[in-house]
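Student: Structure: start_5.cif, mmCIF, C-alpha atoms.
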data_data
#
loop_
_atom_site.label_atom_id
_atom_site.label_comp_id
_atom_site.auth_asym_id
_atom_site.auth_seq_id
_atom_site.Cartn_x
_atom_site.Cartn_y
_atom_site.Cartn_z
CA MET A 258 -36.91 -11.74 -10.03
CA PRO A 259 -33.93 -9.33 -9.85
CA THR A 260 -30.48 -10.87 -10.10
CA SER A 261 -28.74 -11.27 -6.76
CA LEU A 262 -25.11 -10.81 -5.76
CA PHE A 263 -25.19 -14.45 -4.67
CA THR A 264 -26.28 -16.03 -7.96
CA PRO A 265 -23.77 -17.79 -10.25
CA VAL A 266 -22.57 -16.34 -13.53
CA ILE A 267 -20.40 -17.44 -16.46
CA ALA A 268 -17.53 -15.19 -17.56
CA GLY A 269 -15.72 -16.72 -20.51
CA SER A 270 -14.26 -20.03 -19.29
CA LEU A 271 -14.92 -19.07 -15.65
CA SER A 272 -17.96 -20.38 -13.76
CA LEU A 273 -18.39 -18.08 -10.77
CA LYS A 274 -20.42 -19.19 -7.74
CA ASN A 275 -21.37 -15.61 -6.88
CA ARG A 276 -20.96 -12.09 -8.30
CA ILE A 277 -18.63 -10.75 -5.61
CA VAL A 278 -15.12 -10.17 -6.97
CA MET A 279 -11.99 -9.55 -4.94
CA ALA A 280 -10.30 -6.62 -6.67
CA PRO A 281 -6.55 -6.71 -7.39
CA LEU A 282 -4.79 -5.21 -4.38
CA THR A 283 -1.10 -4.33 -4.23
CA ARG A 284 0.19 -5.39 -0.81
CA SER A 285 4.00 -5.44 -1.42
CA ARG A 286 4.63 -8.67 0.47
CA SER A 287 6.50 -10.90 -1.97
CA LYS A 288 9.52 -12.88 -0.79
CA GLN A 289 12.93 -11.33 -1.37
CA PRO A 290 15.17 -11.47 -3.25
CA GLY A 291 13.41 -12.22 -6.49
CA ASP A 292 9.87 -10.82 -5.97
CA ILE A 293 8.56 -14.34 -5.34
CA PRO A 294 5.10 -15.21 -3.97
CA TRP A 295 5.29 -17.53 -0.96
CA GLU A 296 3.35 -19.28 1.80
CA MET A 297 2.16 -16.10 3.51
CA ASN A 298 0.59 -14.93 0.24
CA ALA A 299 -1.04 -18.34 -0.19
CA THR A 300 -2.63 -18.05 3.26
CA TYR A 301 -3.95 -14.56 2.48
CA TYR A 302 -5.65 -15.64 -0.74
CA ARG A 303 -6.91 -18.92 0.73
CA GLN A 304 -8.75 -16.93 3.40
CA ARG A 305 -10.63 -15.01 0.70
CA ALA A 306 -11.47 -17.91 -1.64
CA THR A 307 -15.24 -17.61 -1.09
CA ALA A 308 -15.23 -14.69 -3.54
CA GLY A 309 -16.82 -15.57 -6.84
CA LEU A 310 -13.52 -14.55 -8.40
CA ILE A 311 -10.20 -13.38 -6.99
CA ILE A 312 -8.19 -11.06 -9.21
CA ALA A 313 -4.71 -11.44 -7.76
CA GLU A 314 -2.57 -8.38 -7.20
CA ALA A 315 -0.90 -6.56 -10.09
CA THR A 316 2.16 -8.57 -11.11
CA GLN A 317 5.02 -7.35 -13.26
CA ILE A 318 5.48 -9.07 -16.61
CA SER A 319 9.21 -8.29 -16.64
CA PRO A 320 11.85 -6.62 -14.47
CA GLN A 321 11.25 -3.42 -16.45
CA GLY A 322 7.56 -3.52 -15.53
CA LYS A 323 8.20 -3.05 -11.80
CA GLY A 324 7.14 0.16 -10.07
CA TYR A 325 6.83 -0.61 -6.37
CA ALA A 326 9.09 -2.40 -3.91
CA TYR A 327 8.26 -6.00 -2.96
CA THR A 328 5.62 -6.56 -5.65
CA PRO A 329 5.59 -10.01 -7.30
CA GLY A 330 6.57 -11.01 -10.83
CA ILE A 331 5.57 -13.77 -13.24
CA TYR A 332 8.66 -14.04 -15.43
CA SER A 333 10.99 -16.38 -13.48
CA ASP A 334 10.69 -20.08 -12.67
CA GLU A 335 10.81 -19.28 -8.95
CA GLN A 336 7.92 -16.82 -9.30
CA ILE A 337 5.85 -19.37 -11.21
CA GLU A 338 6.46 -21.95 -8.47
CA GLY A 339 5.60 -19.38 -5.81
CA TRP A 340 2.33 -18.49 -7.49
CA ARG A 341 1.49 -22.20 -7.74
CA LYS A 342 1.33 -22.26 -3.93
CA VAL A 343 -1.27 -19.47 -4.12
CA THR A 344 -3.43 -20.99 -6.84
CA SER A 345 -3.37 -24.41 -5.19
CA ALA A 346 -4.53 -22.88 -1.90
CA VAL A 347 -7.44 -21.07 -3.57
CA HIS A 348 -8.47 -24.11 -5.59
CA GLU A 349 -8.39 -26.33 -2.49
CA GLU A 350 -11.06 -24.01 -1.04
CA GLY A 351 -13.17 -24.19 -4.21
CA GLY A 352 -12.24 -20.71 -5.43
CA LEU A 353 -11.27 -19.18 -8.77
CA ILE A 354 -8.29 -16.88 -9.25
CA VAL A 355 -6.88 -14.91 -12.20
CA LEU A 356 -3.65 -12.94 -12.32
CA GLN A 357 -3.49 -9.24 -13.20
CA LEU A 358 -0.59 -8.57 -15.60
CA TRP A 359 1.20 -5.27 -15.07
CA HIS A 360 3.76 -3.01 -16.67
CA VAL A 361 3.87 0.29 -14.76
CA GLY A 362 5.61 2.34 -17.44
CA ARG A 363 6.62 5.74 -16.06
CA VAL A 364 5.31 5.00 -12.55
CA SER A 365 8.68 3.73 -11.39
CA HIS A 366 12.21 4.77 -10.45
CA ARG A 367 15.66 3.78 -11.64
CA ASP A 368 16.24 2.09 -8.25
CA LEU A 369 13.52 -0.40 -9.21
CA GLN A 370 14.73 -0.90 -12.78
CA PRO A 371 17.29 -3.33 -14.24
CA ASP A 372 20.78 -1.79 -14.27
CA HIS A 373 19.32 1.41 -12.75
CA GLN A 374 17.98 2.52 -16.13
CA LEU A 375 15.23 5.12 -16.46
CA PRO A 376 11.62 3.95 -16.50
CA VAL A 377 9.94 3.89 -19.92
CA ALA A 378 6.71 5.46 -21.16
CA PRO A 379 4.96 6.39 -24.41
CA SER A 380 6.35 9.91 -24.00
CA ALA A 381 9.01 11.53 -21.81
CA ILE A 382 6.53 13.18 -19.42
CA LYS A 383 7.32 13.27 -15.72
CA ILE A 384 4.61 12.78 -13.11
CA ASP A 385 4.37 14.27 -9.65
CA GLY A 386 4.75 12.18 -6.54
CA ASN A 387 7.12 9.59 -5.16
CA ALA A 388 8.06 6.04 -6.03
CA PHE A 389 8.04 3.37 -3.31
CA THR A 390 11.55 1.87 -3.38
CA GLU A 391 13.36 -0.47 -1.00
CA ASP A 392 15.15 2.63 0.33
CA GLY A 393 11.93 4.51 0.96
CA PHE A 394 10.04 7.05 -1.12
CA LYS A 395 11.92 8.86 -3.92
CA PRO A 396 10.61 11.46 -6.40
CA PHE A 397 9.53 10.14 -9.78
CA GLU A 398 11.94 10.83 -12.65
CA THR A 399 11.34 11.88 -16.23
CA PRO A 400 10.87 8.60 -18.12
CA ARG A 401 12.42 7.64 -21.42
CA ALA A 402 10.07 7.42 -24.42
CA LEU A 403 9.95 3.90 -25.83
CA GLU A 404 11.54 3.30 -29.21
CA LEU A 405 9.34 1.63 -31.84
CA SER A 406 11.71 -1.35 -31.85
CA GLU A 407 11.07 -1.96 -28.14
CA ILE A 408 7.30 -2.28 -28.34
CA PRO A 409 7.19 -5.81 -29.84
CA VAL A 410 9.37 -6.97 -26.94
CA ILE A 411 6.86 -5.64 -24.41
CA ILE A 412 3.99 -7.30 -26.27
CA ASP A 413 5.89 -10.58 -26.13
CA HIS A 414 6.44 -10.11 -22.39
CA TYR A 415 2.66 -9.91 -21.94
CA ARG A 416 2.21 -13.07 -24.02
CA THR A 417 4.83 -14.98 -22.05
CA ALA A 418 3.43 -13.74 -18.74
CA ALA A 419 -0.04 -15.03 -19.70
CA ILE A 420 1.40 -18.43 -20.53
CA ASN A 421 3.37 -18.44 -17.26
CA ALA A 422 0.21 -17.57 -15.33
CA LEU A 423 -1.54 -20.68 -16.62
CA LYS A 424 1.58 -22.73 -15.83
CA ALA A 425 1.27 -21.41 -12.27
CA GLY A 426 -2.30 -22.69 -12.08
CA PHE A 427 -4.29 -19.47 -12.59
CA ASP A 428 -7.73 -19.79 -14.15
CA GLY A 429 -7.03 -16.83 -16.43
CA ILE A 430 -5.44 -13.40 -16.56
CA GLU A 431 -6.46 -9.75 -16.45
CA ILE A 432 -4.61 -7.16 -18.51
CA HIS A 433 -4.08 -4.03 -16.40
CA ALA A 434 -4.73 -1.05 -18.69
CA ALA A 435 -5.94 1.27 -15.94
CA ASN A 436 -4.84 3.65 -13.18
CA GLY A 437 -2.06 5.38 -15.06
CA TYR A 438 0.16 2.40 -15.87
CA LEU A 439 1.80 1.69 -19.22
CA LEU A 440 -1.16 0.64 -21.37
CA ASP A 441 -3.32 3.40 -19.87
CA GLN A 442 -0.51 5.85 -20.61
CA PHE A 443 -0.77 4.90 -24.29
CA LEU A 444 -4.58 5.18 -24.32
CA ARG A 445 -4.99 8.65 -22.80
CA ASP A 446 -3.88 11.73 -24.70
CA GLY A 447 -2.59 13.53 -21.61
CA SER A 448 0.27 11.03 -21.35
CA ASN A 449 0.68 9.96 -24.99
CA HIS A 450 2.25 12.67 -27.17
CA ARG A 451 3.76 10.31 -29.73
CA THR A 452 3.68 11.13 -33.43
CA ASP A 453 4.20 7.59 -34.75
CA VAL A 454 1.74 4.72 -35.23
CA TYR A 455 1.21 4.48 -31.44
CA GLY A 456 0.21 8.11 -30.89
CA GLY A 457 -1.95 10.95 -32.14
CA SER A 458 -5.23 9.52 -33.41
CA ILE A 459 -7.59 7.52 -31.26
CA GLU A 460 -6.89 4.47 -33.45
CA ASN A 461 -3.16 4.80 -32.89
CA ARG A 462 -3.48 5.23 -29.13
CA ALA A 463 -5.53 2.02 -28.96
CA ARG A 464 -3.03 0.08 -31.04
CA LEU A 465 -0.75 -1.23 -28.27
CA LEU A 466 -3.62 -2.43 -26.10
CA LEU A 467 -5.24 -4.26 -29.03
CA GLU A 468 -1.92 -5.84 -29.99
CA VAL A 469 -1.42 -7.03 -26.40
CA LEU A 470 -4.95 -8.46 -26.29
CA THR A 471 -4.37 -10.25 -29.59
CA ALA A 472 -1.10 -11.74 -28.34
CA VAL A 473 -2.46 -13.04 -25.03
CA SER A 474 -5.74 -14.22 -26.56
CA ASP A 475 -3.86 -16.20 -29.20
CA ALA A 476 -1.63 -17.66 -26.49
CA ILE A 477 -4.18 -18.80 -23.89
CA GLY A 478 -7.63 -18.21 -25.41
CA PRO A 479 -9.74 -15.04 -25.13
CA ASP A 480 -12.18 -16.78 -22.77
CA LYS A 481 -9.43 -16.70 -20.13
CA VAL A 482 -8.62 -13.00 -20.65
CA GLY A 483 -10.11 -10.04 -18.82
CA LEU A 484 -9.27 -6.35 -19.15
CA ARG A 485 -9.24 -3.48 -16.68
CA LEU A 486 -9.81 0.16 -17.75
CA SER A 487 -10.24 3.41 -15.78
CA PRO A 488 -11.60 6.16 -18.06
CA THR A 489 -11.70 8.95 -15.47
CA ASN A 490 -9.23 7.97 -12.75
CA PRO A 491 -6.69 10.83 -12.30
CA PHE A 492 -4.30 8.62 -10.30
CA ASN A 493 -0.67 8.94 -11.44
CA ASP A 494 -1.32 12.34 -13.07
CA MET A 495 -3.61 10.92 -15.74
CA THR A 496 -5.79 13.13 -17.93
CA ASP A 497 -7.71 12.81 -21.18
CA SER A 498 -9.31 15.49 -23.33
CA ASP A 499 -12.53 13.54 -24.02
CA PRO A 500 -12.75 10.29 -22.04
CA GLN A 501 -16.41 9.63 -22.93
CA THR A 502 -15.70 9.59 -26.66
CA HIS A 503 -12.30 7.95 -26.45
CA PHE A 504 -13.26 5.10 -24.12
CA ALA A 505 -16.47 4.44 -26.02
CA TYR A 506 -14.24 3.77 -29.03
CA PHE A 507 -11.78 1.66 -27.03
CA VAL A 508 -14.56 -0.50 -25.59
CA GLU A 509 -16.16 -1.08 -28.98
CA GLN A 510 -12.85 -2.45 -30.26
CA LEU A 511 -12.98 -5.14 -27.58
CA ASN A 512 -16.13 -6.91 -28.74
CA PRO A 513 -14.54 -8.99 -31.54
CA PHE A 514 -12.18 -10.57 -28.99
CA ASN A 515 -14.97 -12.22 -26.95
CA LEU A 516 -13.06 -11.59 -23.73
CA ALA A 517 -14.03 -13.20 -20.43
CA TYR A 518 -14.92 -9.80 -18.96
CA LEU A 519 -14.34 -6.06 -18.88
CA HIS A 520 -13.43 -4.60 -15.47
CA ILE A 521 -14.06 -0.86 -15.15
CA VAL A 522 -12.74 1.36 -12.35
CA GLU A 523 -15.66 3.76 -12.17
CA ARG A 524 -14.54 5.93 -9.28
CA MET A 525 -12.24 6.17 -6.26
CA ILE A 526 -14.91 7.43 -3.84
CA PRO A 527 -18.17 5.97 -2.48
CA VAL A 528 -20.90 5.58 -5.10
CA GLU A 529 -23.20 7.92 -3.21
CA GLU A 530 -20.62 10.73 -3.35
CA ASP A 531 -19.93 10.45 -7.09
CA HIS A 532 -21.33 13.45 -8.95
CA SER A 533 -19.26 13.05 -12.12
CA THR A 534 -20.96 13.31 -15.50
CA PHE A 535 -19.20 10.36 -17.12
CA ASP A 536 -21.77 7.84 -18.37
CA PHE A 537 -20.52 4.40 -17.32
CA ASP A 538 -23.85 2.85 -18.31
CA ALA A 539 -22.98 3.73 -21.90
CA LEU A 540 -19.76 1.69 -21.64
CA ARG A 541 -21.62 -1.18 -20.03
CA HIS A 542 -24.02 -1.33 -22.98
CA ARG A 543 -21.34 -0.93 -25.64
CA PHE A 544 -19.47 -3.95 -24.31
CA LYS A 545 -21.17 -7.18 -25.40
CA GLY A 546 -19.86 -9.29 -22.56
CA VAL A 547 -19.57 -9.59 -18.79
CA TYR A 548 -19.04 -6.23 -17.06
CA ILE A 549 -17.38 -5.89 -13.64
CA ALA A 550 -18.00 -2.60 -11.83
CA ASN A 551 -15.41 -1.34 -9.37
CA GLY A 552 -15.20 1.69 -7.13
CA GLY A 553 -16.71 2.68 -3.81
CA TYR A 554 -19.42 0.03 -3.74
CA THR A 555 -21.15 -1.13 -0.57
CA LEU A 556 -23.43 -4.12 -0.14
CA ALA A 557 -26.44 -1.85 -0.75
CA SER A 558 -25.11 -0.07 -3.84
CA ALA A 559 -23.75 -3.31 -5.31
CA THR A 560 -27.07 -5.07 -4.78
CA ASP A 561 -28.87 -2.18 -6.43
CA SER A 562 -26.54 -2.09 -9.45
CA ILE A 563 -26.79 -5.83 -10.01
CA ALA A 564 -30.58 -5.77 -9.67
CA LYS A 565 -30.84 -2.92 -12.20
CA ASN A 566 -28.51 -4.71 -14.65
CA ARG A 567 -25.97 -1.89 -14.54
CA CYS A 568 -23.25 -4.53 -14.14
CA ASP A 569 -22.84 -8.29 -13.93
CA LEU A 570 -20.36 -8.41 -11.06
CA VAL A 571 -18.98 -5.99 -8.48
CA ALA A 572 -15.35 -5.86 -7.34
CA PHE A 573 -14.46 -4.90 -3.77
CA GLY A 574 -11.02 -3.84 -2.60
CA LYS A 575 -10.59 -2.47 0.92
CA PRO A 576 -13.52 -4.50 2.33
CA PHE A 577 -11.70 -7.68 1.26
CA ILE A 578 -8.48 -6.54 2.90
CA ALA A 579 -10.15 -6.34 6.32
CA ASN A 580 -12.77 -9.08 5.87
CA PRO A 581 -11.49 -12.42 4.59
CA ASP A 582 -15.07 -13.73 4.91
CA LEU A 583 -16.65 -10.75 3.14
CA VAL A 584 -19.08 -12.95 1.18
CA GLU A 585 -20.46 -14.53 4.35
CA ARG A 586 -20.74 -11.12 6.05
CA PHE A 587 -22.65 -9.77 3.06
CA LYS A 588 -25.01 -12.77 3.10
CA ILE A 589 -26.11 -12.09 6.67
CA ASN A 590 -25.50 -8.32 6.56
CA ALA A 591 -22.97 -8.60 9.40
CA PRO A 592 -20.78 -5.66 10.48
CA LEU A 593 -17.46 -5.29 8.66
CA ASN A 594 -13.98 -5.04 10.12
CA GLU A 595 -12.31 -1.70 9.45
CA PRO A 596 -9.04 -1.84 7.47
CA ASP A 597 -5.77 -0.65 8.98
CA PHE A 598 -4.35 1.72 6.36
CA ASP A 599 -0.91 1.71 8.00
CA THR A 600 -0.42 -1.96 7.10
CA PHE A 601 -1.60 -1.87 3.48
CA TYR A 602 1.86 -1.95 1.89
CA GLY A 603 4.80 -4.05 3.00
CA GLY A 604 5.35 -5.85 6.27
CA GLY A 605 4.30 -9.29 7.45
CA GLU A 606 1.23 -11.07 8.79
CA ASN A 607 0.01 -8.00 10.72
CA GLY A 608 -2.75 -6.34 8.71
CA TYR A 609 -2.51 -9.09 6.10
CA THR A 610 -3.60 -12.52 7.32
CA ASP A 611 -4.68 -11.67 10.88
CA TYR A 612 -8.03 -9.95 10.28
CA PRO A 613 -10.69 -11.99 12.15
CA ALA A 614 -13.43 -13.92 10.44
CA LEU A 615 -16.89 -14.33 11.95
CA LYS A 616 -17.06 -16.91 14.72
#
Now that the file is in, can you turn its structure into structure tokens?

Tutor:
Amino acid sequence: MPTSLFTPVIAGSLSLKNRIVMAPLTRSRSKQPGDIPWEMNATYYRQRATAGLIIAEATQISPQGKGYAYTPGIYSDEQIEGWRKVTSAVHEEGGLIVLQLWHVGRVSHRDLQPDHQLPVAPSAIKIDGNAFTEDGFKPFETPRALELSEIPVIIDHYRTAAINALKAGFDGIEIHAANGYLLDQFLRDGSNHRTDVYGGSIENRARLLLEVLTAVSDAIGPDKVGLRLSPTNPFNDMTDSDPQTHFAYFVEQLNPFNLAYLHIVERMIPVEEDHSTFDFDALRHRFKGVYIANGGYTLASATDSIAKNRCDLVAFGKPFIANPDLVERFKINAPLNEPDFDTFYGGGENGYTDYPALK
């Protein structure tokens, strides 16, 4: 009998009641000052606790890791206490929740950085677009290339953030190495022009990610660690000369870790409209663990992919924003609420906790 979206699955130390994952979704609604999660965030996640797994929104590992106004952190005592409100709410509803750990690298602005310093990156390459600051949108700046001496500090920030996440009650963590943020910037050769041990060869470009995974796995156990990659996503001006070859190598390096899961952003459009030639099935088979597919899935396409063993779980983003009871709606094939794009980022309860559930 084909596997269903509604069957349980084990991912590392996590026992999921279904295969429907709430994707990490930046909503820019942390309490200020201090980028602290609070009661409104706890309500939002509580409403969505029927997901097999919630991957909480990208959360900066340090003040330097911040790239968007009002996003939460996991480096201060106040932030840890704030996140505990969220994890307690989800656990009270019988849910599981992990925290996505984030350093944005060059996708920032000096107005978001400590002491108004320039953002950092593997290489001093500016991207197009605008940063979301507390004073509105401002053009991205040319980042400063990280010195070799600074990299161990960033690795330690990831390690400490993972420990803090467990202190806050999370069931695990996800390392964000996708969508053009710092670790992705090191992986892809369009953004990494370094000539030291962190640049050039494919082995060198993988080095930082593998060092981060080693640090967090040693700190909290690899069975509580997931990883997110996005081989083809052009978001944040990302390019790579040969993503099929490069990401096949990167994924093979993950198997000795025995991670809880690998979370792949496959596309940013509906599955049915994707005509790219990248072979995600090849990545799925290279990784010897639980594979989460993400990108443009519907109930029908997710059901089909699970049934054909193309993935183990499917992550949904926008549908979870507008449908706190998405799992129940999928079970009975009920109509979905449409999301209000104008309320995605920043603001209050409107467009956040006030989407209606089924009666």

Student: What is the atom CA of Gly603 of chain A to atom CA of Arg284 of chain A distance in Å?

Tutor: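 Atom-to-atom, atom CA of Gly603 of chain A to atom CA of Arg284 of chain A, that is 6.1 Å.
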
Student: Work out how far apart atom CA of Tyr548 of chain A and atom CA of Ala572 of chain A are and give it in Å to one decimal.

Tutor: 10.4 Å

Student: Starting from the shown file, work through the PyMOL selection byres ((chain A and resi 353-369) around 6) and note down what comes out as a compact mmCIF listing (two decimals) with C-alpha atoms, in the frame of the given file.

Tutor:
# COMPACT_ATOMS: atom_id res chain seq x y z
CA LEU A 310 -13.52 -14.55 -8.40
CA ILE A 311 -10.20 -13.38 -6.99
CA ILE A 312 -8.19 -11.06 -9.21
CA ALA A 313 -4.71 -11.44 -7.76
CA ALA A 315 -0.90 -6.56 -10.09
CA THR A 316 2.16 -8.57 -11.11
CA GLN A 317 5.02 -7.35 -13.26
CA ILE A 318 5.48 -9.07 -16.61
CA GLY A 322 7.56 -3.52 -15.53
CA GLY A 324 7.14 0.16 -10.07
CA GLY A 352 -12.24 -20.71 -5.43
CA GLN A 370 14.73 -0.90 -12.78
CA HIS A 373 19.32 1.41 -12.75
CA GLN A 374 17.98 2.52 -16.13
CA LEU A 375 15.23 5.12 -16.46
CA PRO A 376 11.62 3.95 -16.50
CA VAL A 377 9.94 3.89 -19.92
CA ALA A 378 6.71 5.46 -21.16
CA ALA A 388 8.06 6.04 -6.03
CA PRO A 400 10.87 8.60 -18.12
CA PHE A 427 -4.29 -19.47 -12.59
CA ASP A 428 -7.73 -19.79 -14.15
CA GLY A 429 -7.03 -16.83 -16.43
CA ILE A 430 -5.44 -13.40 -16.56
CA GLU A 431 -6.46 -9.75 -16.45
CA ILE A 432 -4.61 -7.16 -18.51
CA HIS A 433 -4.08 -4.03 -16.40
CA TYR A 438 0.16 2.40 -15.87
CA LEU A 439 1.80 1.69 -19.22

Student: If the PyMOL selection byres ((chain A and resi 510) around 10) were run on this exact file, what residues would it hold? Put them as a list in words.

Tutor: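 Expected selection for the PyMOL selection byres ((chain A and resi 510) around 10) here is Glu460, Ala463, Leu467, Phe504, Ala505, Tyr506, Phe507, Val508, Glu509, Leu511, Asn512, Pro513, Phe514, Arg543 and Phe544 of chain A.
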
Student: How would you write, as number ranges by chain, the residues chosen by the PyMOL selection byres ((chain A and resi 555) around 9) on this structure?

Tutor: A: 527-528, 553-554, 556-560, 573, 576
